[in-house]
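For reference, data.txt (compact mmCIF, C-alpha atoms):
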# COMPACT_ATOMS: atom_id res chain seq x y z
CA MET U 1 60.06 88.15 -28.04
CA LYS U 2 61.01 91.31 -26.11
CA SER U 3 59.75 89.68 -22.94
CA LYS U 4 62.07 86.74 -23.59
CA LEU U 5 65.02 89.05 -24.21
CA ASP U 6 64.24 90.90 -21.00
CA SER U 7 64.29 87.63 -19.05
CA ILE U 8 67.62 86.70 -20.68
CA PHE U 9 69.13 90.07 -19.76
CA ARG U 10 67.92 89.71 -16.18
CA ALA U 11 69.38 86.20 -16.00
CA ALA U 12 72.72 87.78 -16.88
CA LEU U 13 72.25 90.31 -14.07
CA ASP U 14 71.38 87.57 -11.60
CA ARG U 15 74.65 85.78 -12.36
CA VAL U 16 76.68 88.86 -11.41
CA ASP U 17 74.61 89.83 -8.38
CA PRO U 18 77.43 90.91 -6.05
CA TYR U 19 75.52 89.94 -2.90
CA LEU U 20 75.05 86.38 -4.09
CA MET U 21 78.60 86.12 -5.42
CA LEU U 22 80.07 87.06 -2.05
CA LYS U 23 77.63 84.93 -0.06
CA ASN U 24 78.39 81.93 -2.28
CA GLY U 25 82.14 82.52 -2.47
CA LEU U 26 83.03 83.57 1.09
CA SER U 27 82.36 82.01 4.46
CA CYS U 28 83.50 82.53 8.03
CA THR U 29 83.93 79.55 10.34
CA GLU U 30 86.03 79.04 13.49
CA ASN U 31 87.66 82.47 13.16
CA LYS U 32 88.77 81.71 9.62
CA LEU U 33 87.67 83.56 6.47
CA HIS U 34 87.42 81.22 3.47
CA ILE U 35 87.46 82.50 -0.10
CA LYS U 36 86.34 79.92 -2.67
CA SER U 37 85.40 81.62 -5.92
CA GLY U 38 86.39 80.48 -9.39
CA ASP U 39 90.09 79.59 -9.26
CA TYR U 40 90.50 81.02 -5.74
CA ASN U 41 90.63 78.80 -2.67
CA GLU U 42 92.32 80.55 0.24
CA THR U 43 91.86 80.91 3.98
CA PHE U 44 92.76 83.79 6.32
CA ASP U 45 93.16 83.31 10.08
CA MET U 46 91.23 86.18 11.64
CA GLU U 47 92.60 85.51 15.14
CA GLN U 48 95.80 87.31 14.20
CA PHE U 49 93.92 90.59 13.71
CA ASP U 50 92.68 93.00 16.37
CA ARG U 51 90.43 94.89 13.96
CA ILE U 52 88.56 94.03 10.77
CA ILE U 53 87.34 96.97 8.71
CA VAL U 54 85.54 97.20 5.38
CA ILE U 55 86.13 99.99 2.88
CA GLY U 56 84.97 100.24 -0.70
CA THR U 57 83.93 102.22 -3.73
CA GLY U 58 81.75 101.58 -6.76
CA LYS U 59 78.18 101.09 -7.88
CA ALA U 60 78.01 97.61 -6.34
CA SER U 61 79.80 98.42 -3.10
CA ALA U 62 76.70 98.83 -0.90
CA VAL U 63 75.34 95.41 -1.88
CA MET U 64 78.79 93.93 -1.37
CA GLY U 65 78.94 95.62 2.03
CA ASN U 66 75.62 94.06 2.99
CA ALA U 67 77.00 90.61 2.17
CA MET U 68 80.20 91.23 4.16
CA GLU U 69 78.21 92.30 7.21
CA GLU U 70 76.33 89.00 7.12
CA ILE U 71 79.49 86.97 6.50
CA LEU U 72 81.62 88.61 9.19
CA GLY U 73 78.92 89.32 11.77
CA ASP U 74 80.21 90.85 15.01
CA LYS U 75 83.81 90.26 13.90
CA LEU U 76 83.47 93.38 11.73
CA THR U 77 84.73 96.44 13.60
CA GLU U 78 83.61 99.25 11.29
CA GLY U 79 83.44 100.27 7.65
CA LEU U 80 82.89 103.00 5.09
CA ILE U 81 82.00 102.71 1.42
CA SER U 82 81.07 105.13 -1.36
CA THR U 83 78.46 104.37 -4.01
CA LYS U 84 76.38 106.18 -6.61
CA TYR U 85 73.25 108.14 -5.71
CA GLY U 86 70.32 105.74 -5.62
CA PHE U 87 72.58 102.68 -5.20
CA GLY U 88 72.98 102.90 -1.43
CA GLN U 89 71.64 100.68 1.35
CA LEU U 90 71.20 101.17 5.08
CA LEU U 91 73.79 98.93 6.73
CA ASP U 92 74.45 98.20 10.40
CA ARG U 93 78.22 98.53 10.82
CA ILE U 94 79.29 100.01 7.50
CA GLU U 95 78.57 103.65 6.73
CA VAL U 96 77.44 104.34 3.17
CA ILE U 97 78.12 107.64 1.38
CA GLU U 98 76.35 108.32 -1.92
CA ALA U 99 78.30 110.43 -4.39
CA GLY U 100 78.44 111.67 -7.99
CA HIS U 101 79.05 109.56 -11.10
CA PRO U 102 80.44 109.76 -13.80
CA VAL U 103 81.52 113.25 -12.75
CA PRO U 104 82.68 113.35 -9.10
CA ASP U 105 81.12 115.74 -6.62
CA HIS U 106 81.77 117.02 -3.10
CA ASN U 107 80.64 113.74 -1.53
CA SER U 108 83.19 111.90 -3.68
CA VAL U 109 85.93 113.96 -2.04
CA ILE U 110 84.52 113.47 1.47
CA ALA U 111 84.35 109.71 0.91
CA ALA U 112 87.95 109.59 -0.30
CA GLN U 113 89.21 111.65 2.63
CA ARG U 114 87.48 109.45 5.18
CA ILE U 115 88.53 106.21 3.50
CA ALA U 116 92.11 107.50 3.40
CA SER U 117 91.92 108.27 7.14
CA LEU U 118 90.72 104.74 7.90
CA ALA U 119 93.52 103.36 5.75
CA GLN U 120 96.18 105.37 7.53
CA GLU U 121 94.88 104.20 10.92
CA ALA U 122 95.19 100.54 9.90
CA ASP U 123 98.21 98.74 11.36
CA GLU U 124 99.77 95.28 11.14
CA GLN U 125 97.01 93.83 13.33
CA THR U 126 94.27 95.14 11.01
CA LEU U 127 92.52 93.15 8.31
CA VAL U 128 91.00 95.37 5.62
CA ILE U 129 88.31 94.07 3.25
CA CYS U 130 88.24 96.38 0.24
CA LEU U 131 85.16 96.19 -2.02
CA ILE U 132 85.80 97.52 -5.51
CA SER U 133 83.44 97.79 -8.48
CA GLY U 134 82.93 99.89 -11.58
CA GLY U 135 82.28 103.58 -11.05
CA GLY U 136 84.68 103.66 -8.12
CA SER U 137 86.98 106.21 -9.72
CA ALA U 138 84.43 109.01 -9.64
CA LEU U 139 82.93 107.94 -6.32
CA MET U 140 86.23 108.12 -4.42
CA THR U 141 88.09 111.27 -5.50
CA ALA U 142 91.20 112.64 -3.81
CA PRO U 143 92.67 115.45 -5.96
CA TYR U 144 96.47 115.54 -5.88
CA LYS U 145 98.00 118.04 -3.47
CA ASP U 146 101.54 118.93 -2.42
CA GLU U 147 103.49 122.10 -1.59
CA ASP U 148 103.43 123.24 -5.21
CA ILE U 149 100.27 121.75 -6.73
CA ASN U 150 96.77 121.93 -5.33
CA LEU U 151 94.20 120.28 -7.58
CA SER U 152 90.60 121.09 -6.74
CA LEU U 153 87.41 119.08 -7.18
CA GLU U 154 86.48 121.48 -9.96
CA ASP U 155 89.76 120.63 -11.71
CA LYS U 156 89.01 116.90 -11.53
CA GLN U 157 85.47 117.51 -12.80
CA GLU U 158 86.80 119.51 -15.74
CA VAL U 159 89.26 116.76 -16.63
CA THR U 160 86.56 114.09 -16.41
CA ARG U 161 84.18 116.03 -18.67
CA ALA U 162 86.92 116.64 -21.24
CA LEU U 163 87.84 112.95 -21.35
CA LEU U 164 84.21 111.80 -21.59
CA ALA U 165 83.47 114.24 -24.40
CA CYS U 166 86.53 113.44 -26.55
CA GLY U 167 85.75 109.72 -26.74
CA ALA U 168 88.59 108.42 -24.59
CA ASP U 169 88.03 104.84 -23.46
CA ILE U 170 87.88 103.81 -19.81
CA THR U 171 91.53 102.69 -19.73
CA GLU U 172 92.64 106.12 -20.94
CA ILE U 173 90.27 107.96 -18.62
CA ASN U 174 91.49 106.00 -15.63
CA CYS U 175 95.15 106.48 -16.57
CA MET U 176 94.57 110.22 -16.27
CA ARG U 177 92.58 109.82 -13.06
CA LYS U 178 95.35 107.76 -11.45
CA HIS U 179 97.98 110.40 -12.13
CA LEU U 180 95.86 113.21 -10.73
CA SER U 181 94.96 111.36 -7.53
CA LEU U 182 96.34 110.71 -4.06
CA ILE U 183 94.46 107.43 -3.71
CA LYS U 184 94.18 105.68 -7.09
CA GLY U 185 96.72 103.69 -9.09
CA GLY U 186 97.88 101.65 -6.08
CA ARG U 187 98.22 104.61 -3.76
CA LEU U 188 95.44 103.34 -1.49
CA ALA U 189 97.51 100.17 -1.00
CA LYS U 190 100.42 102.32 0.15
CA LEU U 191 98.16 104.11 2.64
CA LEU U 192 96.91 100.76 3.96
CA TYR U 193 100.38 99.29 4.52
CA PRO U 194 101.29 97.44 6.79
CA ALA U 195 97.70 96.16 7.20
CA THR U 196 96.65 92.98 5.40
CA THR U 197 94.22 93.86 2.60
CA ILE U 198 91.77 91.59 0.79
CA SER U 199 90.29 93.29 -2.28
CA LEU U 200 87.14 91.76 -3.77
CA ILE U 201 86.73 93.16 -7.27
CA LEU U 202 83.84 93.29 -9.73
CA SER U 203 85.06 94.14 -13.24
CA ASP U 204 83.35 96.55 -15.62
CA VAL U 205 86.28 96.93 -18.03
CA VAL U 206 87.19 95.07 -21.21
CA GLY U 207 89.96 92.62 -20.46
CA ASP U 208 89.37 92.75 -16.67
CA ASN U 209 92.62 94.65 -16.03
CA LEU U 210 92.78 95.16 -12.26
CA GLY U 211 94.73 98.38 -12.76
CA THR U 212 91.83 99.89 -14.70
CA ILE U 213 88.84 98.80 -12.58
CA ALA U 214 87.99 101.85 -10.42
CA SER U 215 91.50 103.07 -11.36
CA GLY U 216 93.17 100.22 -9.46
CA PRO U 217 93.38 101.60 -5.91
CA THR U 218 94.92 98.40 -4.49
CA THR U 219 97.01 97.13 -7.39
CA TYR U 220 100.24 98.31 -8.97
CA ASP U 221 100.09 100.62 -11.95
CA LEU U 222 101.60 99.85 -15.35
CA THR U 223 100.87 103.35 -16.69
CA THR U 224 103.09 106.40 -16.24
CA PHE U 225 103.03 110.17 -16.59
CA LYS U 226 104.26 109.60 -20.16
CA ASP U 227 101.11 107.61 -20.91
CA ALA U 228 98.94 110.38 -19.44
CA ASP U 229 100.71 112.95 -21.60
CA ALA U 230 100.23 110.74 -24.67
CA ILE U 231 96.47 110.68 -24.04
CA ILE U 232 96.38 114.47 -23.86
CA ARG U 233 98.23 114.65 -27.18
CA LYS U 234 96.14 111.93 -28.83
CA TYR U 235 92.86 113.77 -28.23
CA ASP U 236 94.36 117.28 -28.42
CA ILE U 237 92.70 118.36 -25.18
CA ARG U 238 95.52 120.26 -23.45
CA ASP U 239 93.67 123.58 -23.81
CA LYS U 240 90.53 121.97 -22.34
CA LEU U 241 92.26 120.88 -19.14
CA PRO U 242 92.73 123.08 -16.05
CA PRO U 243 96.24 124.59 -15.68
CA ALA U 244 96.89 122.75 -12.40
CA ALA U 245 96.29 119.36 -14.08
CA VAL U 246 98.57 120.21 -16.99
CA LYS U 247 101.26 121.42 -14.57
CA LEU U 248 101.06 118.19 -12.56
CA ILE U 249 101.51 116.02 -15.66
CA GLU U 250 104.42 118.17 -16.88
CA GLN U 251 106.18 117.94 -13.51
CA GLY U 252 105.69 114.18 -13.56
CA LEU U 253 107.30 114.03 -17.00
CA ARG U 254 110.32 115.85 -15.59
CA ASP U 255 110.54 113.36 -12.68
CA CYS U 256 109.75 116.13 -10.22
CA LEU U 257 106.91 114.01 -8.80
CA PRO U 258 106.79 110.32 -7.87
CA ASP U 259 104.89 108.19 -10.34
CA THR U 260 102.23 105.70 -9.27
CA PRO U 261 103.70 102.66 -7.43
CA GLU U 262 105.09 99.74 -9.43
CA GLU U 263 104.83 96.01 -8.83
CA ASP U 264 107.91 95.79 -6.62
CA ASP U 265 106.53 98.25 -4.04
CA ARG U 266 106.45 96.57 -0.61
CA ALA U 267 102.81 97.56 -0.08
CA PHE U 268 101.61 95.00 -2.62
CA GLY U 269 103.15 92.19 -0.58
CA LYS U 270 100.31 92.73 1.90
CA VAL U 271 97.50 92.93 -0.68
CA HIS U 272 95.41 90.02 -2.00
CA ASN U 273 93.30 90.95 -5.04
CA TYR U 274 90.42 88.66 -6.08
CA LEU U 275 88.40 89.15 -9.27
CA ILE U 276 84.96 87.82 -8.39
CA GLY U 277 82.70 88.99 -11.24
CA THR U 278 83.12 89.74 -14.96
CA ASN U 279 81.19 90.63 -18.09
CA TYR U 280 81.83 87.17 -19.54
CA GLN U 281 80.11 85.51 -16.59
CA ALA U 282 77.01 87.57 -17.35
CA LEU U 283 77.16 86.68 -21.06
CA ALA U 284 77.52 82.99 -20.25
CA ALA U 285 74.44 83.12 -18.02
CA ALA U 286 72.52 84.88 -20.80
CA ALA U 287 73.50 82.10 -23.21
CA VAL U 288 72.30 79.37 -20.81
CA LYS U 289 68.97 81.13 -20.28
CA ALA U 290 68.58 81.61 -24.04
CA GLU U 291 69.22 77.93 -24.78
CA ASP U 292 66.70 76.97 -22.10
CA SER U 293 64.21 79.33 -23.78
CA GLY U 294 64.55 77.68 -27.19
CA PHE U 295 67.17 79.89 -28.82
CA GLU U 296 70.34 78.92 -30.57
CA ALA U 297 72.73 81.13 -28.57
CA GLU U 298 76.23 82.24 -29.44
CA ILE U 299 78.57 84.52 -27.51
CA LEU U 300 80.50 86.59 -30.04
CA THR U 301 82.72 88.66 -27.75
CA ASP U 302 83.09 90.24 -24.33
CA CYS U 303 85.54 92.78 -25.79
CA LEU U 304 83.31 95.07 -27.84
CA GLU U 305 84.96 98.51 -27.99
CA GLY U 306 85.19 101.53 -30.27
CA GLU U 307 82.69 104.15 -31.34
CA ALA U 308 79.17 103.05 -30.38
CA ARG U 309 77.53 103.92 -33.69
CA GLU U 310 80.21 102.05 -35.65
CA ALA U 311 79.87 98.99 -33.43
CA ALA U 312 76.12 99.07 -34.14
CA ARG U 313 76.78 99.05 -37.89
CA THR U 314 78.88 95.90 -37.50
CA ILE U 315 76.14 94.25 -35.46
CA PHE U 316 73.60 95.27 -38.11
CA ALA U 317 75.76 93.57 -40.74
CA LEU U 318 75.55 90.36 -38.70
CA ALA U 319 71.76 90.72 -38.60
CA ARG U 320 71.56 91.13 -42.40
CA TYR U 321 73.80 88.13 -42.95
CA ASN U 322 71.65 85.88 -40.77
CA CYS U 323 68.43 87.17 -42.31
CA ARG U 324 69.76 86.57 -45.82
CA TYR U 325 70.76 82.96 -45.22
CA GLY U 326 68.08 82.14 -42.67
CA VAL U 327 68.08 80.49 -39.25
CA LYS U 328 66.63 77.10 -38.35
CA LYS U 329 65.32 78.36 -35.01
CA PRO U 330 65.43 81.69 -33.18
CA LYS U 331 69.08 82.69 -32.97
CA LEU U 332 70.54 84.96 -30.30
CA LEU U 333 73.90 86.62 -30.76
CA ILE U 334 75.37 87.90 -27.48
CA LEU U 335 78.02 90.59 -27.13
CA GLY U 336 79.54 92.53 -24.26
CA GLY U 337 82.13 95.19 -23.55
CA GLU U 338 82.14 98.96 -23.42
CA THR U 339 81.99 101.34 -26.37
CA THR U 340 82.52 105.10 -26.43
CA VAL U 341 80.83 108.19 -27.87
CA VAL U 342 82.61 111.31 -29.14
CA LEU U 343 80.25 114.15 -28.23
CA SER U 344 79.62 117.33 -30.16
CA GLU U 345 79.50 120.60 -28.22
CA ASP U 346 75.73 120.93 -28.70
CA HIS U 347 74.97 117.31 -27.84
CA GLY U 348 71.68 116.07 -26.48
CA LYS U 349 71.05 113.35 -23.91
CA GLY U 350 71.84 109.65 -23.98
CA GLY U 351 74.41 106.96 -23.37
CA ARG U 352 76.57 104.64 -25.42
CA ASN U 353 73.95 101.86 -25.53
CA GLN U 354 71.14 104.19 -26.53
CA GLU U 355 73.41 105.62 -29.23
CA MET U 356 74.16 102.09 -30.41
CA ALA U 357 70.45 101.24 -30.61
CA LEU U 358 69.74 104.47 -32.50
CA SER U 359 72.56 103.76 -34.95
CA PHE U 360 71.16 100.24 -35.49
CA LEU U 361 67.74 101.78 -36.11
CA ASN U 362 69.26 104.20 -38.60
CA GLU U 363 70.75 101.24 -40.49
CA LEU U 364 67.34 99.55 -40.48
CA LYS U 365 65.91 102.70 -42.04
CA ARG U 366 68.54 102.68 -44.77
CA SER U 367 68.60 98.99 -45.68
CA GLY U 368 66.38 96.96 -43.38
CA LYS U 369 63.70 95.93 -45.83
CA GLY U 370 62.32 92.55 -44.91
CA MET U 371 64.04 92.46 -41.49
CA ASN U 372 60.81 92.18 -39.51
CA ASN U 373 62.27 89.24 -37.62
CA VAL U 374 65.14 91.17 -35.97
CA ILE U 375 65.24 92.77 -32.51
CA PHE U 376 68.27 94.44 -30.96
CA LEU U 377 68.73 95.35 -27.30
CA ALA U 378 71.75 97.29 -26.03
CA ALA U 379 71.92 97.94 -22.30
CA SER U 380 74.21 98.63 -19.37
CA THR U 381 74.32 96.14 -16.52
CA ASP U 382 74.24 98.92 -13.90
CA GLY U 383 70.87 100.20 -15.12
CA ASN U 384 72.17 103.68 -15.99
CA ASP U 385 73.38 104.20 -19.54
CA GLY U 386 75.31 107.46 -19.46
CA PRO U 387 73.71 110.21 -17.33
CA THR U 388 70.21 108.79 -17.79
CA ASP U 389 67.66 106.68 -15.93
CA ALA U 390 67.54 104.09 -18.73
CA ALA U 391 69.78 101.03 -19.05
CA GLY U 392 69.57 101.19 -22.84
CA ALA U 393 67.11 100.93 -25.71
CA TRP U 394 65.35 98.63 -28.17
CA ALA U 395 65.77 98.70 -31.95
CA SER U 396 63.53 96.94 -34.49
CA LEU U 397 61.25 97.79 -37.40
CA SER U 398 58.51 98.28 -34.80
CA GLU U 399 60.43 101.17 -33.20
CA LEU U 400 61.22 102.55 -36.64
CA ALA U 401 57.53 102.54 -37.61
CA LYS U 402 56.63 104.44 -34.43
CA ALA U 403 59.35 106.99 -35.14
CA GLU U 404 58.24 107.56 -38.72
CA LYS U 405 54.63 107.94 -37.60
CA LYS U 406 55.75 110.74 -35.26
CA GLY U 407 57.97 112.33 -37.91
CA LEU U 408 61.22 111.60 -36.05
CA ASN U 409 64.40 111.46 -38.10
CA THR U 410 66.91 108.88 -36.84
CA GLY U 411 69.83 110.55 -38.59
CA GLU U 412 69.16 113.97 -37.05
CA TYR U 413 68.90 112.61 -33.51
CA LEU U 414 72.01 110.51 -34.06
CA LYS U 415 73.96 113.51 -35.33
CA ARG U 416 73.31 115.47 -32.15
CA HIS U 417 73.70 112.44 -29.82
CA ASP U 418 70.15 112.75 -28.53
CA ALA U 419 69.13 109.09 -28.38
CA TYR U 420 67.38 109.35 -25.02
CA HIS U 421 64.82 111.90 -26.21
CA PHE U 422 64.32 109.95 -29.46
CA PHE U 423 63.51 106.68 -27.72
CA GLU U 424 61.52 108.44 -25.01
CA LYS U 425 59.10 109.67 -27.68
CA ILE U 426 58.47 106.15 -29.02
CA ASP U 427 58.55 104.23 -25.73
CA GLY U 428 61.75 102.49 -26.80
CA LEU U 429 63.86 103.00 -23.70
CA TYR U 430 64.82 99.93 -21.68
CA LYS U 431 64.61 100.66 -17.95
CA THR U 432 65.64 98.28 -15.20
CA GLY U 433 66.17 100.75 -12.36
CA PRO U 434 69.45 100.66 -10.39
CA THR U 435 70.70 97.06 -10.52
CA ARG U 436 73.45 97.55 -7.89
CA THR U 437 75.89 95.61 -10.03
CA ASN U 438 78.20 96.70 -12.84
CA VAL U 439 80.06 94.49 -15.31
CA GLY U 440 79.89 96.70 -18.40
CA ASP U 441 77.39 96.42 -21.23
CA ILE U 442 75.44 93.63 -22.90
CA GLN U 443 74.02 93.58 -26.42
CA LEU U 444 71.45 91.01 -27.51
CA LEU U 445 70.60 90.49 -31.20
CA VAL U 446 67.82 88.05 -32.01
CA ILE U 447 66.88 86.76 -35.46
CA PHE U 448 63.73 84.65 -35.51

Please rewrite the model in this file as structure tokens.
Amino acid sequence: MKSKLDSIFRAALDRVDPYLMLKNGLSCTENKLHIKSGDYNETFDMEQFDRIIVIGTGKASAVMGNAMEEILGDKLTEGLISTKYGFGQLLDRIEVIEAGHPVPDHNSVIAAQRIASLAQEADEQTLVICLISGGGSALMTAPYKDEDINLSLEDKQEVTRALLACGADITEINCMRKHLSLIKGGRLAKLLYPATTISLILSDVVGDNLGTIASGPTTYDLTTFKDADAIIRKYDIRDKLPPAAVKLIEQGLRDCLPDTPEEDDRAFGKVHNYLIGTNYQALAAAAVKAEDSGFEAEILTDCLEGEAREAARTIFALARYNCRYGVKKPKLLILGGETTVVLSEDHGKGGRNQEMALSFLNELKRSGKGMNNVIFLAASTDGNDGPTDAAGAWASLSELAKAEKKGLNTGEYLKRHDAYHFFEKIDGLYKTGPTRTNVGDIQLLVIF
């Protein structure tokens, strides 16, 4: 059964393979670039441009860059993209920089500086292909600087760690990132103006808000300094943020600094944003594969959010319900989205999917009698759940029996957010390696 679930998960990954999506959705004939993907059907005349450059950021950007090199051929002038360590590829015309994620590092700053330079060099005769995918916020970091404020990389790292630890969701994290950056929240679009920009976007956020994906470098921003301040107040993290970051937000509140650009900014008249891949597409592919494999498949949501352990308890309740009333044939419930984890100061190692699997296992321990016919898999589509080398973890009575045999207490590991080491001891981690795509998380619950 686990082998079947693995094949279903990988079918979902195949559907959102960014290389295949671009190769199937874009073509270049007679000096015209055609974009036919989903609801999009547009053509750009490349003869009106002297230069065509590719820039990008995100975990899928290297694979996307590979596809664009093949599509554009010798029409491509040059390019530069930033991706996560281990996600890079050797390309011919596009330079690839590997950088830190989820906490940015020095390479993240170098990548942002060089991408900004390319953007500023672009003129009205330049066509820019911008490749954006999840993880792009950390991988392209340009700390805000002016005559009065000089944010450092260390400041941005401190802010990122504080937001990750307090349980802020990705929309809140990226709102803060946008207002501490020279390049996010539509500011890259302003740097690119008056060039024509085509942004090809792979979504890893619930709701597929373009302003949240990689902090929306080429789309207008609906958030403000007031929203950033509200996030600081909500999680009571002002004393955990560096003084320069707090000062920047306060000056923005007093209208001493320009906010991120709004929809009516002239720069967005030259930008064409295309959403090419989503979590739902992956879930739909999983459902098709499951039906072909003999399951009754049902997609419950692509908007799963909230605390990971609480989401797992809800999913466990669904498992109990189906076990109680029975299923006519193996039933697969499919969910997707992105949950969060509020970390304690002495936390262990893991990610939101591993925490979800551990919470599910803890519920099995408490009230899972007779649920031998239930298996739960929670995993990230990028192959890295949190700062680990595992995509996620398995949860069933089989894992629970292994844990009890080794004397491992699910509740204790859950309390200190140490799911990785728990599952490592019972061979319960789910490892795919870097997938070079990223559309959020997928949870598979089978009752058979």

Show me a table, sorted first by chain and then by increasing residue number, of the residues of region 303-393 of chain U having an atom at most 12 Å from region 207-228 of chain U, each with its shortest atom pair and the distance in Å to one decimal, counting only C-alpha atoms and written as a Markdown table.
| residue | atom | partner | partner_atom | distance |
| --- | --- | --- | --- | --- |
| U:Cys303 | CA | U:Gly207 | CA | 6.9 |
| U:Leu304 | CA | U:Gly207 | CA | 10.2 |
| U:Glu305 | CA | U:Gly207 | CA | 10.8 |
| U:Gly336 | CA | U:Gly207 | CA | 11.1 |
| U:Gly337 | CA | U:Gly207 | CA | 8.8 |
| U:Glu338 | CA | U:Gly207 | CA | 10.5 |

Padding of 5 Å on every side, edges along x, y and z, all listed atoms of region 237-240 of chain U included: what centre and edge lengths in Å, to one decimal, does that box have, as AutoDock Vina command-line options?
--center_x 93.0 --center_y 121.0 --center_z -23.8 --size_x 15.0 --size_y 15.2 --size_z 12.8

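The two atoms in question, CA of Lys331 (chain U) and CA of Arg313 (chain U), are spaced 18.7 Å apart.
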
Taking 4 positions as the minimum chain separation for residues in the same chain, which residues sit within 9 Å of Gly351 (chain U) when counting all atoms listed in the file? Answer as number ranges by chain.
U: 340-341, 355-356, 384-388, 390-392, 417-420

Give me, as JSON lines, each residue of region 194-219 of chain U that comes within 12 Å of region 28-35 of chain U, together with its shortest interatomic pair and the distance in Å at one decimal, counting all atoms listed in the file, with rows ordered by chain and rising residue number.
{"residue": "U:Ile198", "atom": "CA", "partner": "U:Ile35", "partner_atom": "CA", "distance": 10.1}
{"residue": "U:Ser199", "atom": "CA", "partner": "U:Ile35", "partner_atom": "CA", "distance": 11.4}
{"residue": "U:Leu200", "atom": "CA", "partner": "U:Ile35", "partner_atom": "CA", "distance": 10.0}

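Restricting the calculation to all atoms listed in the file, the smallest distance between Gly58 (chain U) and any of U:Ser137, U:Thr196, U:Gln354, U:Thr77 is found for U:Ser137.
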
Closest to Leu72 (chain U) among U:Ser380, U:Gln48, U:Ser108, U:Ser27, using only C-alpha atoms?
U:Ser27

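In this structure, CA of Ile183 (chain U) sits 23.8 Å away from CA of Thr278 (chain U).
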
Residues at most 12 Å from region 109-117 of chain U, counting all atoms listed in the file, excluding those fewer than 3 positions away in the same chain, as a PyMOL selection string?
chain U and resi 53-58+78-84+94-100+103-106+120-122+128+130-131+136-144+151-154+156-157+181-184+187-193+217

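The gap separating CA of Gly350 (chain U) from CA of Tyr280 (chain U) is 25.0 Å, in Å to one decimal.
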
For Asp14 (chain U), please output as JSON, numbers by chain all residues within 12 Å (counting all atoms listed in the file; exclusion window: fewer than 6 positions along the same chain).
{"U": [7, 8, 20, 21, 277, 281, 282, 283, 284, 285, 286, 289, 381, 382, 435, 436, 437, 438, 439]}

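Selecting by distance to (75.0, 99.6, -34.1) with a limit of 10 Å and using only C-alpha atoms, one obtains U:Glu307, U:Ala308, U:Arg309, U:Glu310, U:Ala311, U:Ala312, U:Arg313, U:Thr314, U:Ile315, U:Phe316, U:Ala317, U:Asn353, U:Gln354, U:Glu355, U:Met356, U:Ala357, U:Leu358, U:Ser359, U:Phe360, U:Leu361, U:Asn362, U:Glu363, U:Leu364, U:Phe376, U:Ala378, U:Ala395, U:Gln443.
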
Using all atoms listed in the file, which protein or nucleic acid residues come within 9 Å of Val374 (chain U)? Drop anything in the same chain fewer than 4 positions from it, and give the result as a ChimeraX atom specification.
/U:319,323,395-397,445-448

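Using only C-alpha atoms, the nearest neighbour of Val205 (chain U) within the list U:Leu248, U:Leu127, U:Ala67, U:Leu275 is U:Leu275.
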
For Arg238 (chain U), which residue among U:Ala290, U:Ala267, U:Cys166, U:Leu400 is the nearest when counting all atoms listed in the file?
U:Cys166

Under the rule that all atoms listed in the file are counted, which of U:Gln125, U:Asn107, U:Ser133, U:Thr260 is the nearest residue to Lys178 (chain U)?
U:Thr260

For Ser344 (chain U), which residue out of U:Glu424, U:Asp6, U:Leu164, U:Pro18 is the nearest one, using all atoms listed in the file?
U:Leu164

Contacts of Gly38 (chain U) within 9 Å, only C-alpha atoms, excl. fewer than 3 positions in-chain, as JSON, numbers by chain
{"U": [25, 41, 275, 276]}
